[in-house]
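The file my_file-v5.csv contains CSV, C-alpha atoms:
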chain,number,residue,atom,x,y,z
A,211,MET,CA,-43.3,-31.9,-15.0
A,212,ARG,CA,-42.5,-32.4,-18.8
A,213,TYR,CA,-46.0,-31.3,-19.7
A,214,LYS,CA,-45.7,-28.2,-17.5
A,215,LYS,CA,-42.5,-27.2,-19.3
A,216,LEU,CA,-44.1,-27.8,-22.6
A,217,PHE,CA,-47.2,-25.7,-21.6
A,218,LEU,CA,-45.0,-22.7,-20.6
A,219,THR,CA,-43.1,-23.0,-23.9
A,220,MET,CA,-46.4,-23.1,-25.8
A,221,VAL,CA,-47.6,-19.9,-24.1
A,222,LEU,CA,-44.5,-18.1,-25.2
A,223,VAL,CA,-44.7,-19.3,-28.8
A,224,LEU,CA,-48.4,-18.4,-29.0
A,225,VAL,CA,-47.8,-14.9,-27.7
A,226,THR,CA,-45.0,-14.5,-30.3
A,227,ALA,CA,-47.2,-15.9,-33.0
A,228,VAL,CA,-49.9,-13.3,-32.4
A,229,PHE,CA,-47.4,-10.5,-33.1
A,230,TRP,CA,-45.3,-12.0,-35.9
A,231,PHE,CA,-47.5,-14.4,-37.9
A,232,GLY,CA,-50.9,-12.7,-37.9
A,233,ASN,CA,-52.9,-13.9,-40.9
A,234,GLN,CA,-49.9,-14.5,-43.2
A,235,THR,CA,-49.9,-17.5,-45.4
A,236,PRO,CA,-47.1,-19.9,-44.4
A,237,SER,CA,-44.2,-20.4,-46.8
A,238,ALA,CA,-42.3,-23.7,-47.1
A,239,ALA,CA,-39.5,-23.8,-44.5
A,240,LYS,CA,-36.1,-24.6,-45.9
A,241,THR,CA,-34.0,-27.1,-44.0
A,242,GLY,CA,-30.5,-26.3,-45.2
A,243,ASP,CA,-30.2,-29.7,-46.8
A,244,PRO,CA,-29.9,-29.2,-50.6
A,245,LEU,CA,-31.6,-32.6,-51.3
A,246,ILE,CA,-34.6,-32.0,-49.1
A,247,ASP,CA,-34.9,-28.4,-50.1
A,248,GLY,CA,-35.0,-29.6,-53.7
A,249,PHE,CA,-38.3,-31.3,-52.9
A,250,LEU,CA,-39.8,-28.0,-51.8
A,251,LEU,CA,-39.4,-26.8,-55.4
A,252,VAL,CA,-41.5,-29.5,-57.0
A,253,GLU,CA,-45.1,-30.6,-56.7
A,254,VAL,CA,-46.1,-33.6,-54.6
A,255,ALA,CA,-48.0,-34.9,-57.6
A,256,SER,CA,-44.7,-35.0,-59.5
A,257,VAL,CA,-42.9,-36.7,-56.6
A,258,SER,CA,-45.6,-39.3,-56.4
A,259,ASP,CA,-45.5,-40.0,-60.1
A,260,ALA,CA,-41.7,-40.0,-60.1
A,261,ILE,CA,-41.6,-42.8,-57.5
A,262,GLU,CA,-44.1,-44.8,-59.5
A,263,GLN,CA,-41.9,-44.5,-62.6
A,264,VAL,CA,-38.6,-45.0,-60.8
A,265,LEU,CA,-39.6,-47.7,-58.2
A,266,GLY,CA,-42.9,-49.0,-59.6
A,267,GLN,CA,-44.7,-48.5,-56.2
A,268,ARG,CA,-47.3,-46.3,-54.6
A,269,ALA,CA,-45.8,-43.3,-52.8
A,270,HIS,CA,-48.8,-41.2,-51.6
A,271,MET,CA,-50.7,-41.5,-48.4
A,272,SER,CA,-54.5,-41.9,-48.1
A,273,SER,CA,-56.6,-39.0,-49.5
A,274,ASP,CA,-58.3,-38.5,-46.1
A,275,MET,CA,-55.0,-37.2,-44.6
A,276,LYS,CA,-55.8,-33.5,-44.5
A,277,PRO,CA,-53.8,-30.4,-43.4
A,278,VAL,CA,-55.1,-28.1,-40.7
A,279,PHE,CA,-54.2,-25.2,-43.1
A,280,PRO,CA,-52.8,-25.0,-46.6
A,281,THR,CA,-49.1,-25.8,-46.4
A,282,LYS,CA,-46.0,-27.2,-48.1
A,283,PHE,CA,-43.0,-28.8,-46.4
A,284,ALA,CA,-40.4,-31.5,-46.8
A,285,GLY,CA,-38.2,-33.1,-44.2
A,286,SER,CA,-36.7,-36.3,-42.7
A,287,ALA,CA,-39.1,-38.7,-41.0
A,288,VAL,CA,-39.0,-39.3,-37.3
A,289,THR,CA,-41.5,-42.1,-36.7
A,290,VAL,CA,-43.5,-42.9,-33.6
A,291,LEU,CA,-45.9,-45.8,-33.0
A,292,LEU,CA,-48.6,-45.9,-30.2
A,293,LYS,CA,-50.5,-49.2,-29.4
A,294,LYS,CA,-54.0,-49.2,-28.1
A,295,GLU,CA,-54.2,-50.2,-24.5
A,296,GLU,CA,-56.3,-49.0,-21.6
A,297,HIS,CA,-54.2,-48.1,-18.5
A,298,LYS,CA,-53.9,-45.7,-15.6
A,299,GLU,CA,-50.3,-44.5,-16.0
A,300,GLY,CA,-51.2,-41.2,-17.5
A,301,SER,CA,-48.5,-39.4,-19.5
A,302,LYS,CA,-45.8,-41.8,-18.3
A,303,ALA,CA,-46.8,-44.3,-20.9
A,304,PHE,CA,-46.5,-41.6,-23.5
A,305,GLN,CA,-43.0,-40.4,-22.6
A,306,GLY,CA,-41.3,-42.0,-25.5
A,307,ALA,CA,-43.3,-39.9,-27.9
A,308,LEU,CA,-42.0,-36.8,-26.2
A,309,ASP,CA,-38.5,-38.0,-26.1
A,310,ALA,CA,-38.6,-38.5,-29.9
A,311,ILE,CA,-39.3,-34.8,-30.2
A,312,ASP,CA,-36.4,-33.8,-27.9
A,313,SER,CA,-33.9,-36.1,-29.7
A,314,ALA,CA,-34.8,-35.2,-33.3
A,315,ALA,CA,-32.7,-32.9,-35.5
A,316,PRO,CA,-34.1,-29.6,-36.9
A,317,GLY,CA,-35.9,-30.1,-40.2
A,318,SER,CA,-37.6,-33.3,-39.2
A,319,VAL,CA,-41.1,-34.4,-39.8
A,320,TYR,CA,-42.9,-36.1,-37.0
A,321,VAL,CA,-44.7,-39.2,-38.3
A,322,MET,CA,-47.1,-40.7,-35.7
A,323,VAL,CA,-49.2,-43.8,-36.1
A,324,LEU,CA,-51.9,-44.7,-33.6
A,325,GLU,CA,-53.3,-48.2,-33.8
A,326,ASP,CA,-57.0,-47.8,-34.8
A,327,GLY,CA,-56.7,-44.2,-33.9
A,328,LYS,CA,-58.7,-42.3,-36.4
A,329,ASP,CA,-61.0,-40.8,-33.7
A,330,ILE,CA,-58.1,-40.2,-31.2
A,331,ALA,CA,-55.9,-37.1,-31.2
A,332,GLY,CA,-52.2,-38.0,-31.5
A,333,ILE,CA,-51.0,-34.5,-30.8
A,334,GLY,CA,-52.4,-31.1,-29.8
A,335,GLY,CA,-51.2,-27.6,-29.2
A,336,ILE,CA,-48.6,-28.5,-26.5
A,337,MET,CA,-46.8,-31.1,-28.6
A,338,GLY,CA,-47.1,-29.0,-31.8
A,339,THR,CA,-45.5,-26.1,-30.0
A,340,ALA,CA,-42.7,-28.3,-28.7
A,341,MET,CA,-42.0,-29.5,-32.3
A,342,LYS,CA,-42.0,-25.9,-33.6
A,343,VAL,CA,-39.5,-24.9,-31.0
A,344,ARG,CA,-37.3,-27.9,-31.8
A,345,GLY,CA,-37.3,-27.0,-35.5
A,346,PHE,CA,-39.7,-29.6,-36.9
A,347,VAL,CA,-41.1,-28.5,-40.3
A,348,GLY,CA,-44.3,-30.4,-39.8
A,349,ALA,CA,-46.2,-33.5,-38.5
A,350,VAL,CA,-48.1,-36.3,-40.2
A,351,LEU,CA,-50.5,-38.3,-38.1
A,352,ASP,CA,-52.3,-41.5,-38.9
A,353,ALA,CA,-54.6,-40.4,-36.2
A,354,GLY,CA,-56.7,-37.4,-35.3
A,355,VAL,CA,-55.5,-34.0,-34.1
A,356,ARG,CA,-56.8,-31.5,-31.6
A,357,ASP,CA,-56.2,-27.9,-30.6
A,358,VAL,CA,-56.4,-26.9,-34.2
A,359,PRO,CA,-56.9,-23.2,-33.5
A,360,GLN,CA,-53.6,-23.2,-31.6
A,361,LEU,CA,-51.8,-25.0,-34.3
A,362,ARG,CA,-53.1,-22.5,-36.8
A,363,ARG,CA,-52.1,-19.6,-34.6
A,364,ILE,CA,-48.5,-20.8,-34.3
A,365,GLN,CA,-48.5,-21.9,-38.0
A,366,PHE,CA,-47.3,-25.4,-37.3
A,367,PRO,CA,-48.3,-27.7,-40.3
A,368,VAL,CA,-50.1,-30.9,-39.4
A,369,PHE,CA,-51.7,-33.5,-41.7
A,370,SER,CA,-54.1,-35.9,-39.9
A,371,ARG,CA,-57.2,-38.0,-40.3
A,372,GLY,CA,-59.2,-35.0,-39.0
A,373,PRO,CA,-59.8,-32.9,-36.0
A,374,VAL,CA,-61.1,-34.6,-32.8
A,375,PRO,CA,-61.3,-33.4,-29.2
A,376,SER,CA,-60.2,-36.7,-27.7
A,377,THR,CA,-56.9,-37.7,-26.0
A,378,SER,CA,-54.6,-40.7,-26.3
A,379,ILE,CA,-53.5,-40.4,-22.6
A,380,ASN,CA,-54.6,-43.5,-20.7
A,381,HIS,CA,-55.8,-45.1,-23.9
A,382,TYR,CA,-52.6,-45.7,-25.8
A,383,ARG,CA,-49.1,-46.7,-24.9
A,384,PHE,CA,-45.8,-45.7,-26.6
A,385,ALA,CA,-44.6,-48.7,-28.7
A,386,GLY,CA,-41.5,-47.4,-30.4
A,387,ALA,CA,-39.7,-44.5,-32.1
A,388,ASN,CA,-37.6,-44.4,-35.3
A,389,ILE,CA,-39.0,-47.8,-36.5
A,390,GLU,CA,-40.7,-48.7,-39.7
A,391,VAL,CA,-44.4,-47.9,-39.7
A,392,MET,CA,-47.4,-48.0,-42.0
A,393,CYS,CA,-48.8,-44.4,-42.2
A,394,GLY,CA,-51.7,-43.6,-44.4
A,395,GLY,CA,-51.3,-46.8,-46.3
A,396,VAL,CA,-47.6,-46.2,-47.1
A,397,LYS,CA,-44.4,-47.7,-45.5
A,398,VAL,CA,-42.3,-45.0,-43.8
A,399,ARG,CA,-38.8,-45.7,-42.5
A,400,PRO,CA,-36.8,-43.4,-40.2
A,401,ASN,CA,-35.1,-40.7,-42.3
A,402,ASP,CA,-37.2,-41.2,-45.4
A,403,ILE,CA,-38.2,-37.9,-46.9
A,404,ILE,CA,-41.7,-36.7,-46.4
A,405,VAL,CA,-43.0,-34.2,-48.9
A,406,ALA,CA,-46.4,-32.6,-48.4
A,407,ASP,CA,-48.5,-29.9,-50.1
A,408,GLU,CA,-52.2,-29.3,-50.8
A,409,ASP,CA,-52.4,-32.4,-53.0
A,410,GLY,CA,-51.3,-34.6,-50.2
A,411,ILE,CA,-48.3,-36.5,-48.9
A,412,ALA,CA,-45.6,-38.5,-50.6
A,413,VAL,CA,-42.9,-40.7,-49.0
A,414,VAL,CA,-39.5,-40.8,-50.7
A,415,PRO,CA,-37.2,-43.7,-49.7
A,416,ARG,CA,-34.0,-42.1,-48.5
A,417,ASP,CA,-31.7,-44.3,-50.6
A,418,LYS,CA,-33.5,-43.4,-53.8
A,419,ALA,CA,-34.1,-39.7,-53.0
A,420,LYS,CA,-31.6,-38.2,-55.5
A,421,GLU,CA,-33.0,-40.3,-58.4
A,422,VAL,CA,-36.6,-39.5,-57.4
A,423,LEU,CA,-35.8,-35.7,-57.1
A,424,ALA,CA,-34.3,-35.7,-60.6
A,425,LYS,CA,-37.3,-37.4,-62.1
A,426,SER,CA,-39.7,-35.1,-60.1
A,427,GLU,CA,-37.9,-32.0,-61.5
A,428,GLU,CA,-38.2,-33.5,-65.0
A,429,LEU,CA,-41.9,-34.1,-64.6
A,430,ASP,CA,-42.5,-30.6,-63.2
A,431,GLN,CA,-40.7,-29.1,-66.2
A,432,THR,CA,-42.3,-31.2,-68.9
A,433,GLY,CA,-45.7,-31.7,-67.5
A,434,GLN,CA,-45.6,-35.4,-68.1
A,435,ARG,CA,-47.3,-37.6,-65.5
A,436,CYS,CA,-47.6,-41.4,-65.5
A,437,ILE,CA,-51.1,-42.9,-65.4
A,438,PRO,CA,-50.6,-46.6,-64.6
A,439,LEU,CA,-48.0,-48.3,-62.4
A,440,SER,CA,-47.1,-50.7,-65.3
A,441,ASN,CA,-45.9,-49.7,-68.7
A,442,SER,CA,-45.5,-46.1,-67.5
A,443,SER,CA,-42.9,-45.4,-70.1
A,444,ASN,CA,-45.4,-46.1,-72.9
A,445,ARG,CA,-48.5,-44.4,-71.5
A,446,SER,CA,-48.1,-41.0,-70.1
A,447,GLY,CA,-49.9,-37.7,-70.3
A,448,ARG,CA,-50.8,-34.5,-68.5
A,449,ARG,CA,-53.7,-34.9,-66.0
Could you rewrite the structure in this file as structure tokens?
Amino acid sequence: MRYKKLFLTMVLVLVTAVFWFGNQTPSAAKTGDPLIDGFLLVEVASVSDAIEQVLGQRAHMSSDMKPVFPTKFAGSAVTVLLKKEEHKEGSKAFQGALDAIDSAAPGSVYVMVLEDGKDIAGIGGIMGTAMKVRGFVGAVLDAGVRDVPQLRRIQFPVFSRGPVPSTSINHYRFAGANIEVMCGGVKVRPNDIIVADEDGIAVVPRDKAKEVLAKSEELDQTGQRCIPLSNSSNRSGRR
């Protein structure tokens, strides 16, 4: 029943997209949160370097996490974990991943991790449409993605390991939402700030977001980028 409702919603959004979006290039969607919207005004490269300078740790996800179309977004992480398990329960075992969409606040970023799921689609057009309707600004999948033409048509931004036609239904089971996960080689906690553009994805720890944003703005303005993790204050330069 849930999937039928999502399908009907998807059809309505797709029809609207044909008339309103056309071939326009998507612009970064503001969330109304001054802190998060501040990250829309700086480059992800600056955010990544700022975290290295402020916290001394890696902040960027793997380079093979690619967008389905050029995009830029920032929002609070809603995390979902799926564990690999063969079963015959169908979408029932996936329900928690859908509930995470329904319970999230507008301006969220859906961060989904599938255990050993590079060649399995975590989401497709139906879930992407549901997220768009709920006000998500994007999704980041440590997994594959499918229904790419539909996602482009409705202009819903998704980063993933790549397009695949497969499904996770009957092969994966929901294992938790709003928990700490490792996505693209980086730790993501619920409510951390995800910042993405054509350079890739950076994860900003929520408790250090103001400090990181200030440093990111400084790097954007001065063009100074750190090279190593250590001794960054002594060795910097434009790349």
(message) as a ChimeraX atom specification, please: the residues near range 294-304 of chain A (cut-off 10 Å, all atoms listed in the file, same-chain neighbours under 4 positions excluded).
(response) /A:212-213,308-309,324-327,378-385
Restrict the calculation to only C-alpha atoms, then for each residue of range 404-427 of chain A with any atom at most 12 Å from an atom of range 342-354 of chain A give the closest atom pair and their distance in Å to one decimal, rows by chain and rising residue number, as a Markdown table.
| residue | atom | partner | partner_atom | distance |
| --- | --- | --- | --- | --- |
| A:Ile404 | CA | A:Val350 | CA | 8.9 |
| A:Val405 | CA | A:Gly348 | CA | 9.9 |
| A:Ala406 | CA | A:Gly348 | CA | 9.1 |
| A:Asp407 | CA | A:Gly348 | CA | 11.1 |
| A:Gly410 | CA | A:Val350 | CA | 10.6 |
| A:Ile411 | CA | A:Val350 | CA | 8.7 |
| A:Ala412 | CA | A:Val350 | CA | 10.9 |
| A:Val413 | CA | A:Val350 | CA | 11.1 |
(request) Dig up all the protein and nucleic acid residues within 8 Å of (-51.6, -25.7, -35.3) in the file frame, using all atoms listed in the file, and format them as a PyMOL selection string. (result) chain A and resi 278+334-335+338+357-368
(request) Would you list the contacts of Pro415 in chain A as an MDAnalysis selection string, taking every protein, DNA or RNA residue within 8 Å and counting all atoms listed in the file, but skipping same-chain residues closer than 4 positions in sequence? (result) chainID A and resid 398:399 402:403 419
(message) Would you pick out the contacts of range 246-249 of chain A at 10 Å or less, using only C-alpha atoms, so that residues sharing its chain but fewer than 5 positions from it are not included, and give the list as a list in words?
(response)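 Contacts, with the query itself left out: Ala238, Ala239, Lys240, Thr241, Val254, Ser256, Val257, Lys282, Phe283, Ala284, Gly285, Ser286, Gly317, Ile403, Ile404, Val405, Ala406, Val414, Ala419, Lys420, Val422, Leu423, Ala424, Ser426 and Glu427 of chain A.
Interatomic distance, CA of Lys425 in chain A to CA of Lys397 in chain A: 20.8 Å.
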(request) Quick one: pull the distance between CA of Ala387 in chain A and CA of Leu291 in chain A, Å, one decimal. (result)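 The value is 6.4 Å.
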(message) Could you check the closest approach to Tyr320 in chain A for each of A:Cys393, A:Ala340, A:Ala287, A:Val355 and tell me which residue wins, using all atoms listed in the file?
(response) A:Ala287
(request) Go through A:Phe369, A:Thr281, A:Thr432, A:Asn401 one by one, measure the shortest atom-to-atom distance of each to Leu250 in chain A using all atoms listed in the file, and give the residue with the smallest value. (result)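 Using all atoms listed in the file, Leu250 in chain A sits closest to A:Thr281.
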(request) Between CA of Gly266 in chain A and CA of Lys328 in chain A, measure the distance and give it in Å to one decimal. (result)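 Result for CA of Gly266 in chain A versus CA of Lys328 in chain A: 28.9 Å, one decimal.
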